[in-house]
>>> print(open('run.cif').read())   # mmCIF, C-alpha atoms
data_model
loop_
_atom_site.group_PDB
_atom_site.id
_atom_site.type_symbol
_atom_site.label_atom_id
_atom_site.label_comp_id
_atom_site.auth_asym_id
_atom_site.auth_seq_id
_atom_site.Cartn_x
_atom_site.Cartn_y
_atom_site.Cartn_z
ATOM 1 C CA MET A 1 13.003 34.300 42.595
ATOM 2 C CA PRO A 2 13.690 32.636 39.215
ATOM 3 C CA THR A 3 10.688 31.491 37.255
ATOM 4 C CA ILE A 4 11.218 28.011 35.955
ATOM 5 C CA LYS A 5 8.902 28.238 32.999
ATOM 6 C CA SER A 6 9.328 30.722 30.236
ATOM 7 C CA LEU A 7 6.710 32.297 28.032
ATOM 8 C CA ASP A 8 8.506 30.682 25.078
ATOM 9 C CA ASP A 9 7.382 27.323 26.435
ATOM 10 C CA LEU A 10 3.830 28.593 26.277
ATOM 11 C CA LYS A 11 4.299 29.733 22.670
ATOM 12 C CA ASN A 12 5.387 26.208 21.740
ATOM 13 C CA ILE A 13 2.384 24.755 23.522
ATOM 14 C CA ARG A 14 0.159 27.077 21.530
ATOM 15 C CA GLU A 15 1.694 26.009 18.199
ATOM 16 C CA GLN A 16 1.165 22.356 19.034
ATOM 17 C CA ALA A 17 -2.395 22.931 20.206
ATOM 18 C CA LEU A 18 -3.237 24.711 16.958
ATOM 19 C CA LYS A 19 -1.844 21.845 14.873
ATOM 20 C CA LYS A 20 -3.944 19.416 16.866
ATOM 21 C CA GLN A 21 -7.056 21.547 16.366
ATOM 22 C CA GLN A 22 -6.601 21.569 12.629
ATOM 23 C CA LEU A 23 -6.589 17.778 12.604
ATOM 24 C CA LYS A 24 -10.047 17.488 14.182
ATOM 25 C CA GLU A 25 -11.791 20.652 13.262
ATOM 26 C CA THR A 26 -15.417 19.643 13.358
ATOM 27 C CA THR A 27 -15.813 17.920 16.718
ATOM 28 C CA GLY A 28 -18.079 19.927 19.027
ATOM 29 C CA LYS A 29 -17.127 21.132 22.453
ATOM 30 C CA ILE A 30 -17.995 19.143 25.530
ATOM 31 C CA GLU A 31 -18.818 21.241 28.553
ATOM 32 C CA VAL A 32 -18.370 20.342 32.212
ATOM 33 C CA ILE A 33 -19.735 22.813 34.752
ATOM 34 C CA VAL A 34 -18.842 22.616 38.446
ATOM 35 C CA GLY A 35 -20.927 24.407 41.094
ATOM 36 C CA MET A 36 -18.728 26.536 43.342
ATOM 37 C CA GLY A 37 -21.074 28.109 45.856
ATOM 38 C CA THR A 38 -20.161 28.190 49.546
ATOM 39 C CA VAL A 39 -21.816 24.830 50.178
ATOM 40 C CA GLY A 40 -20.136 23.283 47.150
ATOM 41 C CA ILE A 41 -16.715 24.497 48.267
ATOM 42 C CA ALA A 42 -17.295 23.332 51.842
ATOM 43 C CA THR A 43 -18.265 19.860 50.618
ATOM 44 C CA GLY A 44 -15.275 19.396 48.310
ATOM 45 C CA ALA A 45 -16.123 20.986 44.949
ATOM 46 C CA ARG A 46 -12.563 22.220 44.471
ATOM 47 C CA GLU A 47 -11.203 18.679 44.813
ATOM 48 C CA THR A 48 -13.858 17.401 42.400
ATOM 49 C CA LEU A 49 -12.913 20.099 39.897
ATOM 50 C CA ARG A 50 -9.232 19.314 40.376
ATOM 51 C CA ALA A 51 -9.856 15.632 39.682
ATOM 52 C CA ILE A 52 -11.545 16.602 36.413
ATOM 53 C CA LEU A 53 -8.665 18.896 35.419
ATOM 54 C CA GLU A 54 -6.121 16.237 36.360
ATOM 55 C CA LYS A 55 -7.846 13.653 34.214
ATOM 56 C CA ILE A 56 -8.007 16.022 31.248
ATOM 57 C CA GLU A 57 -4.327 16.761 31.694
ATOM 58 C CA THR A 58 -3.002 13.233 32.238
ATOM 59 C CA GLU A 59 -5.146 11.598 29.559
ATOM 60 C CA ASN A 60 -4.702 14.514 27.184
ATOM 61 C CA LEU A 61 -8.409 15.044 26.611
ATOM 62 C CA GLY A 62 -8.872 18.015 24.307
ATOM 63 C CA ASP A 63 -12.197 19.637 23.405
ATOM 64 C CA ILE A 64 -13.510 19.671 26.956
ATOM 65 C CA ILE A 65 -14.403 23.086 28.308
ATOM 66 C CA VAL A 66 -14.459 23.171 32.097
ATOM 67 C CA ARG A 67 -16.363 26.027 33.656
ATOM 68 C CA GLN A 68 -17.257 26.841 37.185
ATOM 69 C CA THR A 69 -20.363 28.599 38.316
ATOM 70 C CA GLY A 70 -21.860 29.894 41.549
ATOM 71 C CA ASN A 71 -24.505 28.133 43.524
ATOM 72 C CA ILE A 72 -26.572 25.824 41.296
ATOM 73 C CA GLY A 73 -29.357 25.877 43.879
ATOM 74 C CA LEU A 74 -29.410 22.293 45.114
ATOM 75 C CA ASP A 75 -27.413 22.662 48.330
ATOM 76 C CA SER A 76 -28.037 19.203 49.715
ATOM 77 C CA PHE A 77 -26.589 17.591 46.577
ATOM 78 C CA GLU A 78 -23.299 19.506 46.478
ATOM 79 C CA PRO A 79 -20.765 19.101 44.997
ATOM 80 C CA ILE A 80 -22.709 19.230 41.775
ATOM 81 C CA ILE A 81 -21.382 18.900 38.245
ATOM 82 C CA GLN A 82 -23.209 19.220 34.967
ATOM 83 C CA VAL A 83 -22.156 17.643 31.696
ATOM 84 C CA VAL A 84 -23.260 18.887 28.297
ATOM 85 C CA LEU A 85 -22.367 16.836 25.241
ATOM 86 C CA PRO A 86 -22.821 18.549 21.861
ATOM 87 C CA GLY A 87 -26.460 18.397 20.814
ATOM 88 C CA GLU A 88 -27.585 16.691 24.005
ATOM 89 C CA GLU A 89 -29.499 17.705 27.120
ATOM 90 C CA LYS A 90 -27.577 18.881 30.163
ATOM 91 C CA VAL A 91 -27.075 16.089 32.698
ATOM 92 C CA THR A 92 -26.747 17.000 36.402
ATOM 93 C CA TYR A 93 -24.840 14.848 38.876
ATOM 94 C CA GLY A 94 -24.956 15.243 42.667
ATOM 95 C CA LYS A 95 -22.595 14.583 45.592
ATOM 96 C CA VAL A 96 -19.780 14.088 43.134
ATOM 97 C CA THR A 97 -16.515 12.957 44.733
ATOM 98 C CA PRO A 98 -13.242 12.997 42.768
ATOM 99 C CA ASP A 99 -13.623 9.254 42.083
ATOM 100 C CA MET A 100 -17.158 9.743 40.804
ATOM 101 C CA ALA A 101 -15.988 12.605 38.586
ATOM 102 C CA ARG A 102 -13.353 10.367 37.006
ATOM 103 C CA ARG A 103 -15.974 7.709 36.356
ATOM 104 C CA ILE A 104 -18.339 10.283 34.823
ATOM 105 C CA ILE A 105 -15.571 11.343 32.435
ATOM 106 C CA ASP A 106 -14.849 7.738 31.449
ATOM 107 C CA GLU A 107 -18.413 6.558 31.021
ATOM 108 C CA HIS A 108 -20.363 9.658 30.025
ATOM 109 C CA ILE A 109 -17.933 11.983 28.273
ATOM 110 C CA LEU A 110 -15.722 9.355 26.659
ATOM 111 C CA GLY A 111 -18.239 6.490 26.526
ATOM 112 C CA GLY A 112 -21.373 8.500 25.755
ATOM 113 C CA LYS A 113 -23.397 6.763 28.451
ATOM 114 C CA VAL A 114 -24.999 8.726 31.329
ATOM 115 C CA VAL A 115 -23.988 7.405 34.765
ATOM 116 C CA LYS A 116 -27.578 7.008 35.938
ATOM 117 C CA GLU A 117 -26.813 6.133 39.562
ATOM 118 C CA TYR A 118 -25.161 9.543 40.149
ATOM 119 C CA GLN A 119 -27.695 11.561 38.212
ATOM 120 C CA ILE A 120 -30.090 13.961 39.945
ATOM 121 C CA GLU A 121 -32.904 16.115 38.629
ATOM 122 C CA GLY A 122 -31.220 19.362 37.587
ATOM 123 C CA MET B 123 -13.740 25.253 55.731
ATOM 124 C CA ARG B 124 -10.433 23.676 56.619
ATOM 125 C CA GLU B 125 -8.094 25.916 54.642
ATOM 126 C CA LEU B 126 -7.767 29.632 54.091
ATOM 127 C CA ALA B 127 -7.430 28.783 50.398
ATOM 128 C CA LEU B 128 -11.038 27.519 50.445
ATOM 129 C CA HIS B 129 -12.229 30.738 52.097
ATOM 130 C CA ILE B 130 -10.384 32.702 49.425
ATOM 131 C CA LEU B 131 -12.056 30.619 46.713
ATOM 132 C CA ASP B 132 -15.431 31.320 48.314
ATOM 133 C CA ILE B 133 -14.849 35.085 48.576
ATOM 134 C CA ALA B 134 -13.649 35.177 44.958
ATOM 135 C CA GLU B 135 -16.944 33.537 43.979
ATOM 136 C CA ASN B 136 -18.700 36.622 45.349
ATOM 137 C CA SER B 137 -16.555 38.742 43.034
ATOM 138 C CA LEU B 138 -17.597 36.591 40.097
ATOM 139 C CA ALA B 139 -21.240 36.828 41.152
ATOM 140 C CA ALA B 140 -20.788 40.629 41.123
ATOM 141 C CA ASN B 141 -19.700 40.369 37.467
ATOM 142 C CA ALA B 142 -16.083 41.324 38.063
ATOM 143 C CA ASP B 143 -13.771 40.739 35.116
ATOM 144 C CA GLN B 144 -10.574 41.597 36.947
ATOM 145 C CA ILE B 145 -9.823 40.079 40.316
ATOM 146 C CA ASN B 146 -6.625 40.493 42.316
ATOM 147 C CA ILE B 147 -5.817 38.013 45.046
ATOM 148 C CA THR B 148 -2.915 39.008 47.239
ATOM 149 C CA ILE B 149 -1.296 37.076 50.069
ATOM 150 C CA GLU B 150 1.324 38.739 52.242
ATOM 151 C CA GLU B 151 3.209 36.678 54.759
ATOM 152 C CA ASP B 152 5.443 38.755 57.004
ATOM 153 C CA LEU B 153 7.060 36.167 59.211
ATOM 154 C CA LEU B 154 9.136 38.650 61.185
ATOM 155 C CA GLY B 155 6.112 40.805 61.905
ATOM 156 C CA ASP B 156 4.067 37.626 62.438
ATOM 157 C CA ILE B 157 1.328 38.801 60.096
ATOM 158 C CA LEU B 158 -0.627 37.142 57.315
ATOM 159 C CA ASN B 159 -2.650 39.487 55.111
ATOM 160 C CA ILE B 160 -5.158 38.342 52.507
ATOM 161 C CA TYR B 161 -6.780 40.693 49.996
ATOM 162 C CA ILE B 162 -9.406 39.907 47.387
ATOM 163 C CA GLN B 163 -10.025 42.939 45.211
ATOM 164 C CA ASP B 164 -12.467 43.068 42.319
ATOM 165 C CA ASN B 165 -13.899 45.516 39.809
ATOM 166 C CA GLY B 166 -17.423 44.132 40.084
ATOM 167 C CA ARG B 167 -20.616 46.064 40.603
ATOM 168 C CA GLY B 168 -19.871 46.893 44.242
ATOM 169 C CA MET B 169 -22.325 47.423 47.062
ATOM 170 C CA ASP B 170 -24.157 50.262 48.754
ATOM 171 C CA PRO B 171 -22.843 51.333 52.179
ATOM 172 C CA ASP B 172 -25.842 49.920 54.046
ATOM 173 C CA ILE B 173 -25.270 46.493 52.533
ATOM 174 C CA VAL B 174 -21.563 46.627 53.329
ATOM 175 C CA ALA B 175 -22.430 47.482 56.930
ATOM 176 C CA ARG B 176 -24.667 44.436 57.256
ATOM 177 C CA ILE B 177 -22.796 41.955 55.135
ATOM 178 C CA THR B 178 -20.708 40.403 57.892
ATOM 179 C CA ASP B 179 -23.729 39.591 60.024
ATOM 180 C CA PRO B 180 -25.089 36.160 59.097
ATOM 181 C CA PHE B 181 -28.402 36.822 60.826
ATOM 182 C CA ILE B 182 -29.294 39.908 58.850
ATOM 183 C CA THR B 183 -28.278 38.441 55.514
ATOM 184 C CA SER B 184 -31.069 38.630 53.009
ATOM 185 C CA ARG B 185 -30.699 36.307 50.097
ATOM 186 C CA GLN B 186 -33.230 38.229 48.079
ATOM 187 C CA THR B 187 -31.157 41.373 47.754
ATOM 188 C CA ARG B 188 -27.771 39.856 47.047
ATOM 189 C CA LYS B 189 -26.021 36.611 46.553
ATOM 190 C CA VAL B 190 -23.990 36.431 49.711
ATOM 191 C CA GLY B 191 -24.551 33.927 52.461
ATOM 192 C CA LEU B 192 -22.382 32.582 55.224
ATOM 193 C CA GLY B 193 -19.089 32.809 53.392
ATOM 194 C CA ILE B 194 -18.129 36.283 54.572
ATOM 195 C CA PRO B 195 -19.140 35.798 58.239
ATOM 196 C CA PHE B 196 -17.118 32.547 58.295
ATOM 197 C CA PHE B 197 -14.032 34.239 56.920
ATOM 198 C CA LYS B 198 -14.413 37.168 59.309
ATOM 199 C CA ALA B 199 -14.734 34.830 62.276
ATOM 200 C CA ALA B 200 -11.635 32.926 61.163
ATOM 201 C CA ALA B 201 -9.568 36.124 61.108
ATOM 202 C CA GLU B 202 -10.886 37.485 64.380
ATOM 203 C CA ALA B 203 -10.222 34.193 66.145
ATOM 204 C CA CYS B 204 -6.533 34.702 65.283
ATOM 205 C CA ASP B 205 -5.989 38.197 66.729
ATOM 206 C CA GLY B 206 -6.718 39.478 63.234
ATOM 207 C CA THR B 207 -9.009 41.936 61.563
ATOM 208 C CA PHE B 208 -11.520 41.840 58.746
ATOM 209 C CA ASN B 209 -12.599 44.665 56.526
ATOM 210 C CA ILE B 210 -14.730 45.189 53.421
ATOM 211 C CA THR B 211 -14.645 48.342 51.367
ATOM 212 C CA SER B 212 -16.970 48.720 48.433
ATOM 213 C CA GLU B 213 -18.380 51.326 46.163
ATOM 214 C CA PRO B 214 -21.252 50.851 43.742
ATOM 215 C CA GLY B 215 -19.885 50.603 40.212
ATOM 216 C CA GLN B 216 -16.282 50.537 41.399
ATOM 217 C CA GLY B 217 -15.804 47.152 42.995
ATOM 218 C CA THR B 218 -15.167 45.549 46.331
ATOM 219 C CA THR B 219 -12.083 44.764 48.397
ATOM 220 C CA VAL B 220 -12.091 42.183 51.151
ATOM 221 C CA ALA B 221 -9.099 42.374 53.500
ATOM 222 C CA ALA B 222 -8.345 39.920 56.284
ATOM 223 C CA THR B 223 -5.341 39.833 58.586
ATOM 224 C CA PHE B 224 -4.233 37.018 60.836
ATOM 225 C CA LYS B 225 -1.550 36.597 63.444
ATOM 226 C CA HIS B 226 0.620 34.246 61.390
ATOM 227 C CA SER B 227 1.689 32.036 64.296
ATOM 228 C CA HIS B 228 -1.709 31.935 66.021
ATOM 229 C CA ILE B 229 -2.529 28.416 67.138
ATOM 230 C CA ASP B 230 -6.053 28.667 65.720
ATOM 231 C CA ARG B 231 -5.000 29.961 62.335
ATOM 232 C CA MET B 232 -5.975 27.391 59.765
ATOM 233 C CA PRO B 233 -3.288 26.549 57.211
ATOM 234 C CA LEU B 234 -3.208 28.524 54.002
ATOM 235 C CA GLY B 235 -3.771 25.211 52.220
ATOM 236 C CA ASP B 236 -3.811 24.517 48.516
ATOM 237 C CA MET B 237 -3.613 27.992 46.972
ATOM 238 C CA ALA B 238 -2.416 26.515 43.677
ATOM 239 C CA GLY B 239 -5.600 24.414 43.557
ATOM 240 C CA THR B 240 -7.771 27.410 44.363
ATOM 241 C CA MET B 241 -6.148 29.571 41.682
ATOM 242 C CA LEU B 242 -6.195 26.774 39.109
ATOM 243 C CA SER B 243 -9.935 26.220 39.704
ATOM 244 C CA LEU B 244 -10.639 29.926 39.305
ATOM 245 C CA ILE B 245 -8.385 30.532 36.305
ATOM 246 C CA ILE B 246 -9.447 27.501 34.257
ATOM 247 C CA GLY B 247 -13.093 27.719 35.346
ATOM 248 C CA THR B 248 -13.521 31.384 34.365
ATOM 249 C CA PRO B 249 -11.412 31.924 31.243
ATOM 250 C CA GLU B 250 -12.989 35.349 30.587
ATOM 251 C CA VAL B 251 -11.716 36.823 33.872
ATOM 252 C CA HIS B 252 -8.370 38.565 34.282
ATOM 253 C CA TRP B 253 -6.758 37.081 37.416
ATOM 254 C CA ILE B 254 -3.750 38.526 39.176
ATOM 255 C CA TYR B 255 -2.299 36.461 41.990
ATOM 256 C CA GLN B 256 0.452 37.875 44.147
ATOM 257 C CA HIS B 257 2.058 35.978 46.958
ATOM 258 C CA GLN B 258 4.695 37.644 49.038
ATOM 259 C CA VAL B 259 6.690 35.927 51.774
ATOM 260 C CA ASN B 260 9.025 38.370 53.518
ATOM 261 C CA GLN B 261 10.943 39.978 50.647
ATOM 262 C CA ASN B 262 10.167 37.346 47.993
ATOM 263 C CA THR B 263 7.189 37.640 45.662
ATOM 264 C CA PHE B 264 5.535 35.283 43.215
ATOM 265 C CA GLU B 265 3.149 36.839 40.749
ATOM 266 C CA PHE B 266 0.841 35.165 38.268
ATOM 267 C CA ASP B 267 -1.049 37.412 35.881
ATOM 268 C CA THR B 268 -3.300 35.647 33.373
ATOM 269 C CA GLN B 269 -3.193 38.490 30.847
ATOM 270 C CA PRO B 270 0.216 37.860 29.189
ATOM 271 C CA PHE B 271 -0.587 34.147 29.028
ATOM 272 C CA LYS B 272 -3.878 34.752 27.273
ATOM 273 C CA GLU B 273 -2.226 37.126 24.813
ATOM 274 C CA ILE B 274 0.276 34.453 23.822
ATOM 275 C CA LEU B 275 -2.388 31.749 23.678
ATOM 276 C CA ASN B 276 -4.474 34.002 21.444
ATOM 277 C CA GLY B 277 -7.619 31.891 21.374
ATOM 278 C CA VAL B 278 -6.213 28.509 22.366
ATOM 279 C CA PRO B 279 -8.379 27.563 25.366
ATOM 280 C CA LEU B 280 -7.002 27.389 28.905
ATOM 281 C CA SER B 281 -8.551 23.942 29.286
ATOM 282 C CA GLU B 282 -6.274 22.565 26.547
ATOM 283 C CA PRO B 283 -4.387 19.813 28.430
ATOM 284 C CA ALA B 284 -0.879 21.123 27.723
ATOM 285 C CA VAL B 285 -1.892 24.667 28.619
ATOM 286 C CA MET B 286 -3.463 23.494 31.843
ATOM 287 C CA LYS B 287 -0.320 21.573 32.743
ATOM 288 C CA TYR B 288 1.743 24.690 32.120
ATOM 289 C CA ILE B 289 -0.492 26.858 34.307
ATOM 290 C CA ARG B 290 -0.721 24.256 37.071
ATOM 291 C CA GLU B 291 3.027 23.730 37.220
ATOM 292 C CA THR B 292 3.738 27.462 37.109
ATOM 293 C CA LEU B 293 1.376 28.026 40.052
ATOM 294 C CA GLU B 294 2.559 25.039 42.070
ATOM 295 C CA GLU B 295 6.255 25.747 41.591
ATOM 296 C CA GLY B 296 5.880 29.488 42.114
ATOM 297 C CA ILE B 297 3.920 29.173 45.332
ATOM 298 C CA HIS B 298 6.138 26.386 46.613
ATOM 299 C CA ASN B 299 9.306 28.338 45.893
ATOM 300 C CA VAL B 300 8.110 31.517 47.519
ATOM 301 C CA ARG B 301 7.081 29.672 50.668
ATOM 302 C CA CYS B 302 9.456 26.739 51.129
ATOM 303 C CA ASN B 303 12.462 28.581 52.465
ATOM 304 C CA HIS B 304 10.545 30.313 55.176
ATOM 305 C CA ASP B 305 7.413 28.690 56.315
ATOM 306 C CA THR B 306 7.406 26.699 59.507
ATOM 307 C CA GLU B 307 3.793 25.795 58.804
ATOM 308 C CA LEU B 308 4.939 23.798 55.785
ATOM 309 C CA MET B 309 7.667 22.126 57.804
ATOM 310 C CA TYR B 310 5.143 20.940 60.335
ATOM 311 C CA SER B 311 2.364 19.935 58.008
ATOM 312 C CA LYS B 312 4.246 18.119 55.246
#
>>> encode(input="run.cif", output="structure tokens")
Amino acid sequence: MPTIKSLDDLKNIREQALKKQQLKETTGKIEVIVGMGTVGIATGARETLRAILEKIETENLGDIIVRQTGNIGLDSFEPIIQVVLPGEEKVTYGKVTPDMARRIIDEHILGGKVVKEYQIEG
Amino acid sequence: MRELALHILDIAENSLAANADQINITIEEDLLGDILNIYIQDNGRGMDPDIVARITDPFITSRQTRKVGLGIPFFKAAAEACDGTFNITSEPGQGTTVAATFKHSHIDRMPLGDMAGTMLSLIIGTPEVHWIYQHQVNQNTFEFDTQPFKEILNGVPLSEPAVMKYIRETLEEGIHNVRCNHDTELMYSK
């Protein structure tokens, strides 16, 4: 089975990423955490996470660290995501569909404004 | 859960909860033998024999002693409903292996589903973990090992958009290629 992509491609990607990093050295990291417990998975957390990854990829959003974690402990609000902007309090969102996740990226991560209607007490 | 890929994601979460830093996920599809095998093997903290013995019973589960709920009983039931088997082996300090077999053509077998999505979620979401994904269909195998990629990236994060695109496409193409020539399930569902 031939592999289509080569590791050389990845080396080129690395070079370009490093150049980009040097251009904007001081910006802090934004963190997005997705809850991936059994309830989260059963209610669509993987699709929510995928929507976030897709948006990062298609809109070329660097400096966002996406992590996943186990059960966040608020089963009835799954899928849950948490957003941490540098120097700010963690914001928890509940029942996050892929569409909601895209809006949270636009308004909160890119726009700096918490999407209050999706927010829950974390 | 509607896909085996979601069950696999859920079982792998148990491995992460057990502090594993190397997790092997293996899918074997033997279409001539009509068998689908799924293995999730980790090097996490493992479990004592008495916990292993009870772990598949949802009614004896105790949330206080370990972080396992309905995920394992669900997966076990899914396998056993398809003339399959389910087995957990574990040793404290050594790790845990979950093995499930299904009759590939069983009418109740849920589709494998979006394995690329499951692996992408796990790989990007836990950059510190060494993932090895192997997917064999008859004599063809696709393997994705995160270690060589991370060595080349040498500190450039996996969530860098171009890196993510590379990983996503490698997974999607690899899994598609290994399955597309054989799988009647894909022919029916797509």
>>> residues_around(input="run.cif", residues="Asn136 in chain B", least_positions_apart="3", cutoff="9 Å", atoms="all atoms listed in the file", output="number ranges by chain")
A: 37, 70; B: 132-133, 139-141, 189-190, 193
>>> atom_distance(input="run.cif", atom1="CA of Tyr93 in chain A", atom2="CA of Asp63 in chain A")
20.5 Å
>>> closest_residue(input="run.cif", among="B:Met232, B:Ile160, B:Ile289, B:Leu244", to="Gln256 in chain B", atoms="only C-alpha atoms")
B:Ile160
>>> residues_around(input="run.cif", residues="range 211-227 of chain B", least_positions_apart="4", cutoff="9 Å", atoms="all atoms listed in the file", output="ChimeraX atom specification")
/B:133,137,140,142,151-153,155-171,174,197-198,200-207,231,307
>>> closest_atom_pairs(input="run.cif", of="chain A", to="chain B", cutoff="7 Å", atoms="only C-alpha atoms", output="tab-separated table")
residue	atom	partner	partner_atom	distance
A:Met1	CA	B:Asn262	CA	6.8
A:Lys5	CA	B:Thr292	CA	6.6
A:Lys11	CA	B:Ile274	CA	6.3
A:Ile13	CA	B:Ala284	CA	6.4
A:Arg14	CA	B:Leu275	CA	5.7
A:Gly37	CA	B:Asp132	CA	6.9
A:Thr38	CA	B:Asp132	CA	5.8
A:Ile41	CA	B:Leu128	CA	6.8
A:Ala42	CA	B:Met123	CA	5.6
A:Arg46	CA	B:Ser243	CA	6.8
A:Leu49	CA	B:Ser243	CA	6.8
A:Arg50	CA	B:Ser243	CA	7.0
A:Ile56	CA	B:Pro283	CA	6.0
A:Glu57	CA	B:Pro283	CA	4.5
A:Asn60	CA	B:Pro283	CA	5.5
A:Leu61	CA	B:Pro283	CA	6.5
A:Gly62	CA	B:Glu282	CA	5.7
A:Ile64	CA	B:Ser281	CA	6.9
A:Ile65	CA	B:Ser281	CA	6.0
A:Val66	CA	B:Gly247	CA	5.8
A:Arg67	CA	B:Gly247	CA	4.1
A:Gln68	CA	B:Gly247	CA	4.6
A:Gly70	CA	B:Glu135	CA	6.6
>>> closest_residue(input="run.cif", among="A:Pro98, A:Leu10, A:Thr92, A:Ile33", to="Lys116 in chain A", atoms="only C-alpha atoms")
A:Thr92
>>> resolve_selection(input="run.cif", expression="the PyMOL selection byres ((chain A and resi 94) around 8)", output="number ranges by chain")
A: 77-81, 92-93, 95-96, 118-120
>>> atom_distance(input="run.cif", atom1="CA of His252 in chain B", atom2="CA of Ala238 in chain B")
16.4 Å
>>> atom_distance(input="run.cif", atom1="CA of Arg103 in chain A", atom2="CA of Lys55 in chain A")
10.3 Å
>>> axis_aligned_box(input="run.cif", around="range 166-173 of chain B", padding_each_side="4 Å", output="JSON")
{"center_x": -21.6, "center_y": 47.7, "center_z": 47.1, "size_x": 16.4, "size_y": 15.2, "size_z": 22.0}
>>> residues_around(input="run.cif", residues="Val39 in chain A", least_positions_apart="3", cutoff="9 Å", atoms="all atoms listed in the file", output="ChimeraX atom specification")
/A:36,42-45,71,75-76,78-79
>>> write_last_selection(input="run.cif", atoms="C-alpha atoms", output="short mmCIF file (atom, residue, chain, number, x, y, z; two decimals), keeping the file's coordinate frame")
data_model
loop_
_atom_site.label_atom_id
_atom_site.label_comp_id
_atom_site.auth_asym_id
_atom_site.auth_seq_id
_atom_site.Cartn_x
_atom_site.Cartn_y
_atom_site.Cartn_z
CA MET A 36 -18.73 26.54 43.34
CA ALA A 42 -17.30 23.33 51.84
CA THR A 43 -18.26 19.86 50.62
CA GLY A 44 -15.28 19.40 48.31
CA ALA A 45 -16.12 20.99 44.95
CA ASN A 71 -24.50 28.13 43.52
CA ASP A 75 -27.41 22.66 48.33
CA SER A 76 -28.04 19.20 49.72
CA GLU A 78 -23.30 19.51 46.48
CA PRO A 79 -20.76 19.10 45.00
#
>>> decode(input="run.cif", residues="range 32-44 of chain A", atoms="N, CA, C and O atoms", output="PDB file, in the first residue's frame")
ATOM      1  N   VAL A  32      -8.105  25.358  24.147  1.00  0.00           N
ATOM      2  CA  VAL A  32      -9.479  24.859  24.064  1.00  0.00           C
ATOM      3  C   VAL A  32      -9.468  23.419  24.561  1.00  0.00           C
ATOM      4  O   VAL A  32      -8.699  22.598  24.070  1.00  0.00           O
ATOM      5  N   ILE A  33     -10.303  23.134  25.545  1.00  0.00           N
ATOM      6  CA  ILE A  33     -10.331  21.797  26.142  1.00  0.00           C
ATOM      7  C   ILE A  33     -11.711  21.182  25.877  1.00  0.00           C
ATOM      8  O   ILE A  33     -12.740  21.821  26.113  1.00  0.00           O
ATOM      9  N   VAL A  34     -11.706  19.956  25.355  1.00  0.00           N
ATOM     10  CA  VAL A  34     -12.973  19.285  25.052  1.00  0.00           C
ATOM     11  C   VAL A  34     -13.119  18.073  25.967  1.00  0.00           C
ATOM     12  O   VAL A  34     -12.208  17.249  26.073  1.00  0.00           O
ATOM     13  N   GLY A  35     -14.256  17.956  26.634  1.00  0.00           N
ATOM     14  CA  GLY A  35     -14.516  16.821  27.526  1.00  0.00           C
ATOM     15  C   GLY A  35     -14.864  15.578  26.718  1.00  0.00           C
ATOM     16  O   GLY A  35     -15.741  15.610  25.872  1.00  0.00           O
ATOM     17  N   MET A  36     -14.140  14.489  26.986  1.00  0.00           N
ATOM     18  CA  MET A  36     -14.320  13.267  26.204  1.00  0.00           C
ATOM     19  C   MET A  36     -14.632  12.064  27.091  1.00  0.00           C
ATOM     20  O   MET A  36     -14.098  10.979  26.887  1.00  0.00           O
ATOM     21  N   GLY A  37     -15.487  12.270  28.078  1.00  0.00           N
ATOM     22  CA  GLY A  37     -15.965  11.114  28.841  1.00  0.00           C
ATOM     23  C   GLY A  37     -16.985  10.338  28.015  1.00  0.00           C
ATOM     24  O   GLY A  37     -17.339  10.742  26.907  1.00  0.00           O
ATOM     25  N   THR A  38     -17.463   9.230  28.564  1.00  0.00           N
ATOM     26  CA  THR A  38     -18.435   8.402  27.839  1.00  0.00           C
ATOM     27  C   THR A  38     -19.660   9.212  27.426  1.00  0.00           C
ATOM     28  O   THR A  38     -20.122   9.135  26.287  1.00  0.00           O
ATOM     29  N   VAL A  39     -20.175  10.025  28.344  1.00  0.00           N
ATOM     30  CA  VAL A  39     -21.372  10.802  28.037  1.00  0.00           C
ATOM     31  C   VAL A  39     -21.073  11.832  26.953  1.00  0.00           C
ATOM     32  O   VAL A  39     -21.855  12.030  26.024  1.00  0.00           O
ATOM     33  N   GLY A  40     -19.911  12.473  27.062  1.00  0.00           N
ATOM     34  CA  GLY A  40     -19.516  13.447  26.050  1.00  0.00           C
ATOM     35  C   GLY A  40     -19.448  12.807  24.670  1.00  0.00           C
ATOM     36  O   GLY A  40     -19.999  13.330  23.690  1.00  0.00           O
ATOM     37  N   ILE A  41     -18.799  11.653  24.595  1.00  0.00           N
ATOM     38  CA  ILE A  41     -18.653  10.964  23.308  1.00  0.00           C
ATOM     39  C   ILE A  41     -20.021  10.580  22.758  1.00  0.00           C
ATOM     40  O   ILE A  41     -20.320  10.783  21.577  1.00  0.00           O
ATOM     41  N   ALA A  42     -20.878  10.052  23.650  1.00  0.00           N
ATOM     42  CA  ALA A  42     -22.203   9.600  23.208  1.00  0.00           C
ATOM     43  C   ALA A  42     -23.073  10.761  22.741  1.00  0.00           C
ATOM     44  O   ALA A  42     -23.980  10.574  21.927  1.00  0.00           O
ATOM     45  N   THR A  43     -22.780  11.979  23.222  1.00  0.00           N
ATOM     46  CA  THR A  43     -23.609  13.117  22.827  1.00  0.00           C
ATOM     47  C   THR A  43     -22.939  13.970  21.747  1.00  0.00           C
ATOM     48  O   THR A  43     -23.427  15.048  21.430  1.00  0.00           O
ATOM     49  N   GLY A  44     -21.823  13.501  21.191  1.00  0.00           N
ATOM     50  CA  GLY A  44     -21.278  14.181  20.013  1.00  0.00           C
ATOM     51  C   GLY A  44     -19.997  14.961  20.213  1.00  0.00           C
ATOM     52  O   GLY A  44     -19.635  15.787  19.378  1.00  0.00           O
TER      53      GLY A  44
END
